[in-house]
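Trainee: Sending over run29.csv (CSV, N, CA and C atoms).
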chain,number,residue,atom,x,y,z
O,1,GLU,N,0.8,-1.2,0.0
O,1,GLU,CA,0.0,0.0,0.0
O,1,GLU,C,0.9,1.3,0.0
O,2,TRP,N,1.9,1.2,0.8
O,2,TRP,CA,2.8,2.4,0.9
O,2,TRP,C,3.3,2.8,-0.5
O,3,ALA,N,3.8,1.8,-1.3
O,3,ALA,CA,4.4,2.1,-2.6
O,3,ALA,C,3.3,2.7,-3.5
O,4,GLY,N,2.2,2.1,-3.5
O,4,GLY,CA,1.1,2.5,-4.4
O,4,GLY,C,0.6,3.9,-4.2
O,5,ARG,N,0.7,4.3,-2.9
O,5,ARG,CA,0.2,5.6,-2.6
O,5,ARG,C,1.4,6.7,-2.5
O,6,THR,N,2.6,6.2,-2.4
O,6,THR,CA,3.7,7.1,-2.3
O,6,THR,C,4.3,7.6,-3.6
O,7,PHE,N,4.4,6.7,-4.6
O,7,PHE,CA,5.0,7.0,-5.9
O,7,PHE,C,4.0,7.2,-7.0
O,8,PRO,N,3.9,8.5,-7.4
O,8,PRO,CA,2.9,8.8,-8.5
O,8,PRO,C,3.2,8.2,-9.8
O,9,SER,N,4.5,7.8,-10.0
O,9,SER,CA,4.8,7.2,-11.3
O,9,SER,C,5.7,5.9,-10.9
O,10,ALA,N,5.1,4.8,-11.0
O,10,ALA,CA,5.8,3.6,-10.6
O,10,ALA,C,5.2,2.3,-11.2
O,11,VAL,N,6.0,1.3,-11.3
O,11,VAL,CA,5.5,0.0,-11.7
O,11,VAL,C,6.0,-1.0,-10.6
O,12,PHE,N,5.1,-1.9,-10.2
O,12,PHE,CA,5.5,-2.9,-9.2
O,12,PHE,C,5.1,-4.2,-9.8
O,13,ILE,N,6.0,-5.2,-9.8
O,13,ILE,CA,5.7,-6.5,-10.3
O,13,ILE,C,6.0,-7.5,-9.2
O,14,ALA,N,5.0,-8.4,-9.0
O,14,ALA,CA,5.0,-9.4,-8.0
O,14,ALA,C,4.8,-10.8,-8.7
O,15,TYR,N,5.5,-11.8,-8.1
O,15,TYR,CA,5.3,-13.2,-8.6
O,15,TYR,C,4.6,-13.8,-7.4
O,16,GLU,N,3.4,-14.2,-7.5
O,16,GLU,CA,2.6,-14.7,-6.4
O,16,GLU,C,2.0,-16.1,-6.6
O,17,GLN,N,1.9,-16.9,-5.5
O,17,GLN,CA,1.2,-18.2,-5.6
O,17,GLN,C,-0.3,-17.9,-5.5
O,18,ILE,N,-1.1,-18.7,-6.2
O,18,ILE,CA,-2.5,-18.6,-6.2
O,18,ILE,C,-3.2,-20.0,-6.1
O,19,HIS,N,-4.4,-20.0,-5.8
O,19,HIS,CA,-5.2,-21.3,-5.8
O,19,HIS,C,-4.7,-22.2,-4.7
O,20,PRO,N,-4.7,-21.8,-3.4
O,20,PRO,CA,-4.2,-22.7,-2.4
O,20,PRO,C,-5.2,-23.8,-2.0
O,21,ASP,N,-6.5,-23.7,-2.4
O,21,ASP,CA,-7.5,-24.6,-1.9
O,21,ASP,C,-7.8,-25.8,-2.7
O,22,ASP,N,-7.2,-25.9,-3.9
O,22,ASP,CA,-7.5,-27.2,-4.6
O,22,ASP,C,-6.4,-28.2,-4.2
O,23,ALA,N,-6.5,-29.4,-4.8
O,23,ALA,CA,-5.5,-30.5,-4.4
O,23,ALA,C,-4.1,-30.1,-4.6
O,24,PHE,N,-3.8,-29.6,-5.8
O,24,PHE,CA,-2.4,-29.2,-6.1
O,24,PHE,C,-2.0,-28.0,-5.1
O,25,GLY,N,-2.8,-27.1,-4.9
O,25,GLY,CA,-2.5,-25.9,-4.1
O,25,GLY,C,-2.2,-26.3,-2.6
O,26,ARG,N,-3.0,-27.3,-2.1
O,26,ARG,CA,-2.7,-27.8,-0.7
O,26,ARG,C,-1.4,-28.4,-0.6
O,27,VAL,N,-1.0,-29.2,-1.6
O,27,VAL,CA,0.3,-29.8,-1.6
O,27,VAL,C,1.4,-28.8,-1.7
O,28,MET,N,1.2,-27.8,-2.6
O,28,MET,CA,2.2,-26.7,-2.8
O,28,MET,C,2.4,-26.0,-1.4
O,29,VAL,N,1.3,-25.6,-0.8
O,29,VAL,CA,1.4,-24.9,0.5
O,29,VAL,C,2.1,-25.7,1.6
O,30,ALA,N,1.8,-27.0,1.6
O,30,ALA,CA,2.4,-27.9,2.6
O,30,ALA,C,3.9,-28.0,2.4
O,31,ASN,N,4.3,-28.2,1.1
O,31,ASN,CA,5.7,-28.3,0.8
O,31,ASN,C,6.5,-27.0,1.1
O,32,LEU,N,5.9,-25.9,0.9
O,32,LEU,CA,6.6,-24.6,1.2
O,32,LEU,C,6.6,-24.4,2.7
O,33,GLU,N,5.6,-24.7,3.4
O,33,GLU,CA,5.6,-24.6,4.9
O,33,GLU,C,6.5,-25.5,5.5
O,34,SER,N,6.7,-26.7,5.0
O,34,SER,CA,7.7,-27.7,5.5
O,34,SER,C,9.1,-27.2,5.4
O,35,ARG,N,9.3,-26.2,4.5
O,35,ARG,CA,10.7,-25.6,4.3
O,35,ARG,C,10.8,-24.3,5.1
O,36,GLY,N,9.8,-24.0,5.9
O,36,GLY,CA,9.8,-22.8,6.7
O,36,GLY,C,9.3,-21.6,6.0
O,37,CYS,N,8.6,-21.8,4.9
O,37,CYS,CA,8.2,-20.7,4.0
O,37,CYS,C,6.7,-20.5,4.2
O,38,SER,N,6.2,-19.7,5.1
O,38,SER,CA,4.8,-19.6,5.2
O,38,SER,C,4.3,-18.5,4.3
O,39,LEU,N,3.2,-18.7,3.6
O,39,LEU,CA,2.6,-17.8,2.7
O,39,LEU,C,1.5,-17.0,3.3
O,40,ARG,N,1.8,-16.0,4.0
O,40,ARG,CA,0.8,-15.3,4.9
O,40,ARG,C,-0.3,-14.7,4.1
O,41,GLY,N,-0.1,-14.2,2.9
O,41,GLY,CA,-1.1,-13.5,2.1
O,41,GLY,C,-1.9,-14.4,1.2
O,42,LEU,N,-1.5,-15.7,1.1
O,42,LEU,CA,-2.1,-16.6,0.1
O,42,LEU,C,-3.6,-16.8,0.3
O,43,THR,N,-4.0,-17.0,1.5
O,43,THR,CA,-5.4,-17.3,1.7
O,43,THR,C,-6.2,-16.0,1.6
O,44,ALA,N,-5.6,-14.8,1.9
O,44,ALA,CA,-6.3,-13.6,1.8
O,44,ALA,C,-6.5,-13.2,0.3
O,45,PHE,N,-5.5,-13.5,-0.5
O,45,PHE,CA,-5.6,-13.2,-2.0
O,45,PHE,C,-5.3,-14.5,-2.8
O,46,PRO,N,-6.3,-15.4,-2.8
O,46,PRO,CA,-6.1,-16.7,-3.4
O,46,PRO,C,-6.2,-16.9,-4.9
O,47,ASP,N,-6.7,-15.8,-5.6
O,47,ASP,CA,-6.9,-16.0,-7.0
O,47,ASP,C,-6.6,-14.7,-7.8
O,48,ILE,N,-6.7,-14.8,-9.1
O,48,ILE,CA,-6.4,-13.6,-9.9
O,48,ILE,C,-7.3,-12.4,-9.6
O,49,PRO,N,-8.6,-12.5,-9.5
O,49,PRO,CA,-9.4,-11.3,-9.1
O,49,PRO,C,-9.0,-10.7,-7.8
O,50,ALA,N,-8.7,-11.6,-6.8
O,50,ALA,CA,-8.3,-11.1,-5.5
O,50,ALA,C,-7.0,-10.4,-5.5
O,51,GLN,N,-6.0,-10.9,-6.3
O,51,GLN,CA,-4.7,-10.2,-6.5
O,51,GLN,C,-4.9,-8.8,-7.1
O,52,GLN,N,-5.8,-8.8,-8.1
O,52,GLN,CA,-6.0,-7.5,-8.8
O,52,GLN,C,-6.7,-6.5,-7.8
O,53,THR,N,-7.7,-6.9,-7.1
O,53,THR,CA,-8.4,-6.1,-6.1
O,53,THR,C,-7.4,-5.6,-5.1
O,54,ARG,N,-6.5,-6.5,-4.7
O,54,ARG,CA,-5.5,-6.2,-3.7
O,54,ARG,C,-4.7,-4.9,-4.1
O,55,PHE,N,-4.2,-4.9,-5.3
O,55,PHE,CA,-3.4,-3.8,-5.8
O,55,PHE,C,-4.2,-2.5,-6.0
O,56,LEU,N,-5.4,-2.7,-6.6
O,56,LEU,CA,-6.2,-1.5,-6.9
O,56,LEU,C,-6.7,-0.8,-5.6
O,57,ASN,N,-7.0,-1.6,-4.5
O,57,ASN,CA,-7.4,-1.1,-3.3
O,57,ASN,C,-6.2,-0.5,-2.4
O,58,ARG,N,-5.0,-0.6,-2.9
O,58,ARG,CA,-3.9,-0.2,-2.2
O,58,ARG,C,-3.1,0.9,-3.0
O,59,GLY,N,-3.9,1.6,-3.8
O,59,GLY,CA,-3.3,2.8,-4.4
O,59,GLY,C,-2.8,2.7,-5.8
O,60,TRP,N,-2.8,1.5,-6.4
O,60,TRP,CA,-2.3,1.4,-7.8
O,60,TRP,C,-3.4,1.8,-8.8
O,61,GLN,N,-3.1,2.6,-9.8
O,61,GLN,CA,-4.1,3.1,-10.7
O,61,GLN,C,-4.6,2.0,-11.6
O,62,SER,N,-3.7,1.0,-11.9
O,62,SER,CA,-4.1,0.0,-12.8
O,62,SER,C,-3.4,-1.3,-12.4
O,63,CYS,N,-4.0,-2.4,-12.6
O,63,CYS,CA,-3.3,-3.7,-12.3
O,63,CYS,C,-3.7,-4.8,-13.3
O,64,ALA,N,-2.7,-5.5,-13.7
O,64,ALA,CA,-3.0,-6.6,-14.6
O,64,ALA,C,-2.4,-7.9,-13.9
O,65,VAL,N,-3.1,-9.0,-14.1
O,65,VAL,CA,-2.6,-10.2,-13.5
O,65,VAL,C,-2.8,-11.3,-14.6
O,66,ALA,N,-1.7,-12.2,-14.7
O,66,ALA,CA,-1.8,-13.3,-15.6
O,66,ALA,C,-1.2,-14.5,-14.9
O,67,ASP,N,-1.8,-15.7,-15.0
O,67,ASP,CA,-1.1,-16.9,-14.4
O,67,ASP,C,0.0,-17.3,-15.4
O,68,MET,N,0.9,-18.1,-14.9
O,68,MET,CA,2.1,-18.4,-15.7
O,68,MET,C,1.7,-19.2,-17.0
O,69,ASN,N,0.6,-19.9,-17.1
O,69,ASN,CA,0.2,-20.5,-18.4
O,69,ASN,C,-0.1,-19.4,-19.4
O,70,ASP,N,-0.8,-18.3,-18.9
O,70,ASP,CA,-1.1,-17.2,-19.8
O,70,ASP,C,0.2,-16.6,-20.2
O,71,VAL,N,1.1,-16.4,-19.3
O,71,VAL,CA,2.4,-15.8,-19.7
O,71,VAL,C,3.2,-16.6,-20.7
O,72,TYR,N,3.2,-17.9,-20.5
O,72,TYR,CA,3.9,-18.8,-21.3
O,72,TYR,C,3.3,-18.8,-22.8
O,73,TYR,N,2.0,-18.9,-22.9
O,73,TYR,CA,1.4,-19.1,-24.2
O,73,TYR,C,1.1,-17.7,-24.9
O,74,ARG,N,0.9,-16.7,-24.1
O,74,ARG,CA,0.5,-15.4,-24.7
O,74,ARG,C,1.7,-14.4,-24.9
O,75,PHE,N,2.7,-14.5,-24.0
O,75,PHE,CA,3.7,-13.5,-24.0
O,75,PHE,C,5.1,-13.9,-24.4
O,76,LEU,N,5.4,-15.2,-24.4
O,76,LEU,CA,6.7,-15.7,-24.8
O,76,LEU,C,6.7,-15.8,-26.3
O,77,ASP,N,7.9,-15.6,-26.9
O,77,ASP,CA,8.1,-15.7,-28.3
O,77,ASP,C,7.8,-17.2,-28.7
O,78,ARG,N,7.0,-17.4,-29.7
O,78,ARG,CA,6.6,-18.7,-30.2
O,78,ARG,C,7.8,-19.7,-30.4
O,79,THR,N,8.9,-19.2,-30.9
O,79,THR,CA,10.1,-20.0,-31.2
O,79,THR,C,10.6,-20.5,-29.9
O,80,ASP,N,10.6,-19.7,-28.8
O,80,ASP,CA,11.0,-20.2,-27.5
O,80,ASP,C,10.1,-21.2,-26.9
O,81,VAL,N,8.8,-21.1,-27.1
O,81,VAL,CA,7.9,-22.1,-26.6
O,81,VAL,C,8.1,-23.4,-27.4
O,82,VAL,N,8.3,-23.4,-28.7
O,82,VAL,CA,8.5,-24.6,-29.4
O,82,VAL,C,9.8,-25.3,-29.0
O,83,ARG,N,10.9,-24.5,-28.7
O,83,ARG,CA,12.2,-25.0,-28.3
O,83,ARG,C,12.0,-25.7,-26.9
O,84,VAL,N,11.4,-25.0,-26.0
O,84,VAL,CA,11.2,-25.6,-24.6
O,84,VAL,C,10.4,-26.9,-24.7
O,85,GLU,N,9.3,-26.9,-25.5
O,85,GLU,CA,8.5,-28.0,-25.6
O,85,GLU,C,9.1,-29.2,-26.2
O,86,ALA,N,10.2,-29.0,-27.0
O,86,ALA,CA,11.0,-30.1,-27.6
O,86,ALA,C,11.9,-30.7,-26.6
O,87,LEU,N,12.2,-30.1,-25.5
O,87,LEU,CA,13.1,-30.7,-24.5
O,87,LEU,C,12.5,-32.0,-23.9
O,88,GLU,N,13.4,-32.9,-23.6
O,88,GLU,CA,13.0,-34.2,-23.1
O,88,GLU,C,12.3,-34.1,-21.7
O,89,MET,N,12.7,-33.1,-20.9
O,89,MET,CA,12.1,-32.9,-19.6
O,89,MET,C,10.6,-32.4,-19.7
O,90,PHE,N,10.2,-32.1,-20.9
O,90,PHE,CA,8.9,-31.5,-21.0
O,90,PHE,C,7.9,-32.6,-21.4
O,91,ASP,N,8.0,-33.8,-20.8
O,91,ASP,CA,7.1,-34.8,-21.1
O,91,ASP,C,5.8,-34.7,-20.3
O,92,GLU,N,5.8,-34.1,-19.2
O,92,GLU,CA,4.7,-33.9,-18.3
O,92,GLU,C,4.0,-32.6,-18.5
O,93,VAL,N,3.3,-32.4,-19.6
O,93,VAL,CA,2.7,-31.2,-20.0
O,93,VAL,C,1.5,-30.9,-19.0
O,94,GLU,N,0.8,-31.9,-18.6
O,94,GLU,CA,-0.3,-31.7,-17.7
O,94,GLU,C,0.2,-31.1,-16.3
O,95,GLU,N,1.3,-31.7,-15.8
O,95,GLU,CA,1.9,-31.2,-14.6
O,95,GLU,C,2.4,-29.8,-14.8
O,96,TRP,N,3.0,-29.5,-15.9
O,96,TRP,CA,3.5,-28.1,-16.2
O,96,TRP,C,2.3,-27.1,-16.1
O,97,HIS,N,1.2,-27.5,-16.7
O,97,HIS,CA,0.0,-26.6,-16.7
O,97,HIS,C,-0.6,-26.5,-15.3
O,98,MET,N,-0.5,-27.5,-14.5
O,98,MET,CA,-1.0,-27.4,-13.1
O,98,MET,C,-0.1,-26.4,-12.3
O,99,ILE,N,1.2,-26.5,-12.5
O,99,ILE,CA,2.1,-25.6,-11.8
O,99,ILE,C,1.9,-24.2,-12.3
O,100,GLY,N,1.8,-24.0,-13.6
O,100,GLY,CA,1.5,-22.7,-14.2
O,100,GLY,C,0.3,-22.0,-13.7
O,101,ALA,N,-0.7,-22.8,-13.4
O,101,ALA,CA,-2.0,-22.3,-13.0
O,101,ALA,C,-2.0,-21.8,-11.5
O,102,HIS,N,-0.9,-22.2,-10.8
O,102,HIS,CA,-0.8,-21.8,-9.4
O,102,HIS,C,0.2,-20.7,-9.1
O,103,TYR,N,0.7,-20.1,-10.1
O,103,TYR,CA,1.6,-18.9,-10.0
O,103,TYR,C,1.2,-17.8,-10.9
O,104,ALA,N,1.3,-16.6,-10.5
O,104,ALA,CA,0.8,-15.5,-11.3
O,104,ALA,C,1.8,-14.3,-11.2
O,105,ILE,N,1.8,-13.6,-12.3
O,105,ILE,CA,2.5,-12.3,-12.3
O,105,ILE,C,1.5,-11.2,-12.1
O,106,VAL,N,1.8,-10.3,-11.2
O,106,VAL,CA,0.9,-9.2,-10.9
O,106,VAL,C,1.6,-7.9,-11.2
O,107,VAL,N,1.0,-7.0,-12.0
O,107,VAL,CA,1.7,-5.8,-12.4
O,107,VAL,C,0.8,-4.6,-11.9
O,108,GLY,N,1.3,-3.8,-11.0
O,108,GLY,CA,0.6,-2.6,-10.5
O,108,GLY,C,1.3,-1.4,-11.2
O,109,ILE,N,0.5,-0.5,-11.7
O,109,ILE,CA,1.1,0.6,-12.4
O,109,ILE,C,0.4,1.9,-11.9
O,110,ASN,N,1.3,2.9,-11.7
O,110,ASN,CA,0.8,4.3,-11.4
O,110,ASN,C,1.4,5.2,-12.5
O,111,ASP,N,0.5,6.0,-13.2
O,111,ASP,CA,0.9,7.0,-14.1
O,111,ASP,C,1.7,6.4,-15.3
O,112,GLY,N,1.4,5.3,-15.7
O,112,GLY,CA,2.2,4.7,-16.8
O,112,GLY,C,1.2,4.4,-18.0
O,113,ASP,N,1.7,3.6,-18.8
O,113,ASP,CA,0.9,3.2,-20.0
O,113,ASP,C,-0.1,2.1,-19.6
O,114,THR,N,-1.1,2.5,-18.8
O,114,THR,CA,-2.0,1.5,-18.2
O,114,THR,C,-2.9,0.9,-19.3
O,115,GLU,N,-3.1,1.6,-20.4
O,115,GLU,CA,-3.9,1.1,-21.5
O,115,GLU,C,-3.2,-0.1,-22.1
O,116,TYR,N,-1.9,0.0,-22.3
O,116,TYR,CA,-1.1,-1.1,-22.9
O,116,TYR,C,-1.3,-2.3,-22.0
O,117,VAL,N,-1.1,-2.2,-20.7
O,117,VAL,CA,-1.2,-3.3,-19.8
O,117,VAL,C,-2.6,-4.0,-19.9
O,118,ARG,N,-3.6,-3.1,-19.9
O,118,ARG,CA,-5.0,-3.7,-20.0
O,118,ARG,C,-5.2,-4.4,-21.3
O,119,ASP,N,-4.7,-3.8,-22.4
O,119,ASP,CA,-4.8,-4.5,-23.7
O,119,ASP,C,-4.1,-5.8,-23.8
O,120,GLU,N,-2.9,-5.8,-23.2
O,120,GLU,CA,-2.0,-7.0,-23.3
O,120,GLU,C,-2.4,-8.1,-22.3
O,121,MET,N,-2.7,-7.7,-21.1
O,121,MET,CA,-3.0,-8.7,-20.1
O,121,MET,C,-4.5,-8.9,-19.8
O,122,GLY,N,-5.3,-7.9,-20.2
O,122,GLY,CA,-6.7,-8.1,-20.0
O,122,GLY,C,-7.2,-7.8,-18.6
O,123,SER,N,-6.6,-6.9,-17.9
O,123,SER,CA,-7.1,-6.6,-16.5
O,123,SER,C,-7.4,-5.1,-16.4
O,124,ALA,N,-7.8,-4.7,-15.2
O,124,ALA,CA,-8.1,-3.3,-15.0
O,124,ALA,C,-6.9,-2.4,-14.8
The structure in this file should be written as structure tokens.

Mentor:
Amino acid sequence: EWAGRTFPSAVFIAYEQIHPDDAFGRVMVANLESRGCSLRGLTAFPDIPAQQTRFLNRGWQSCAVADMNDVYYRFLDRTDVVRVEALEMFDEVEEWHMIGAHYAIVVGINDGDTEYVRDEMGSA
């Protein structure tokens, strides 16, 4: 909140876990907590709409959120996607999609090209 209200021209990018309440999310949370990593904000902001509301309610003029599947398929260069998918380790596409659905990029913007972010990422 401090950054959103203090800096009239700023961009803040966060990489956040989402969807803690499904089967994969519960395992993800348990694994992180077993390593001493508690995710205090995860239950308060568990999904993309909650992450967006979080930023907008804390002083950011615009906010866009995309899960990592969206980032992978919409924003990466297609040649990079093809190259990665040709790797032998990329056999478990279903698992890759589950992981991608549980992490998101959140972009809060003040006084920037907010229209570009809305157009590209489809958020407020």

Trainee: Give the answer as one residue: which of O:Leu42, O:Val106, O:Val11, O:Leu76 has the shortest atom-to-atom distance to O:Val29, using only C-alpha atoms?

Mentor: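 Counting only C-alpha atoms, the residue closest to O:Val29 is O:Leu42.
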
Trainee: So, counting only N, CA and C atoms, which residue among O:Asn110, O:Asn57, O:Thr43, O:Ser34 is closest to O:Gln17?

Mentor: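 The closest residue to O:Gln17 is O:Thr43.
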
Trainee: Which is closer to O:Gly25 than all the others in O:Gly108, O:Pro49, O:Gly4, O:Gly100, using only C-alpha atoms?

Mentor: O:Gly100

Trainee: What does the distance from atom CA of O:Ala101 to atom CA of O:Phe12 come to in Å, to one decimal?

Mentor: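 Answer for the atom CA of O:Ala101 to atom CA of O:Phe12 separation: 21.1 Å.
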
Trainee: Have a look at atom CA of O:Val65 and atom C of O:Glu33 and let me know their distance in Å, one decimal.

Mentor: 26.0 Å

Trainee: Would you kindly return, as a PyMOL selection string, each protein, DNA or RNA residue with an atom no farther than 6 Å from any atom of O:Asp67, considering only C-alpha atoms and excluding same-chain residues fewer than 3 positions away?

Mentor: chain O and resi 70+101+103-104
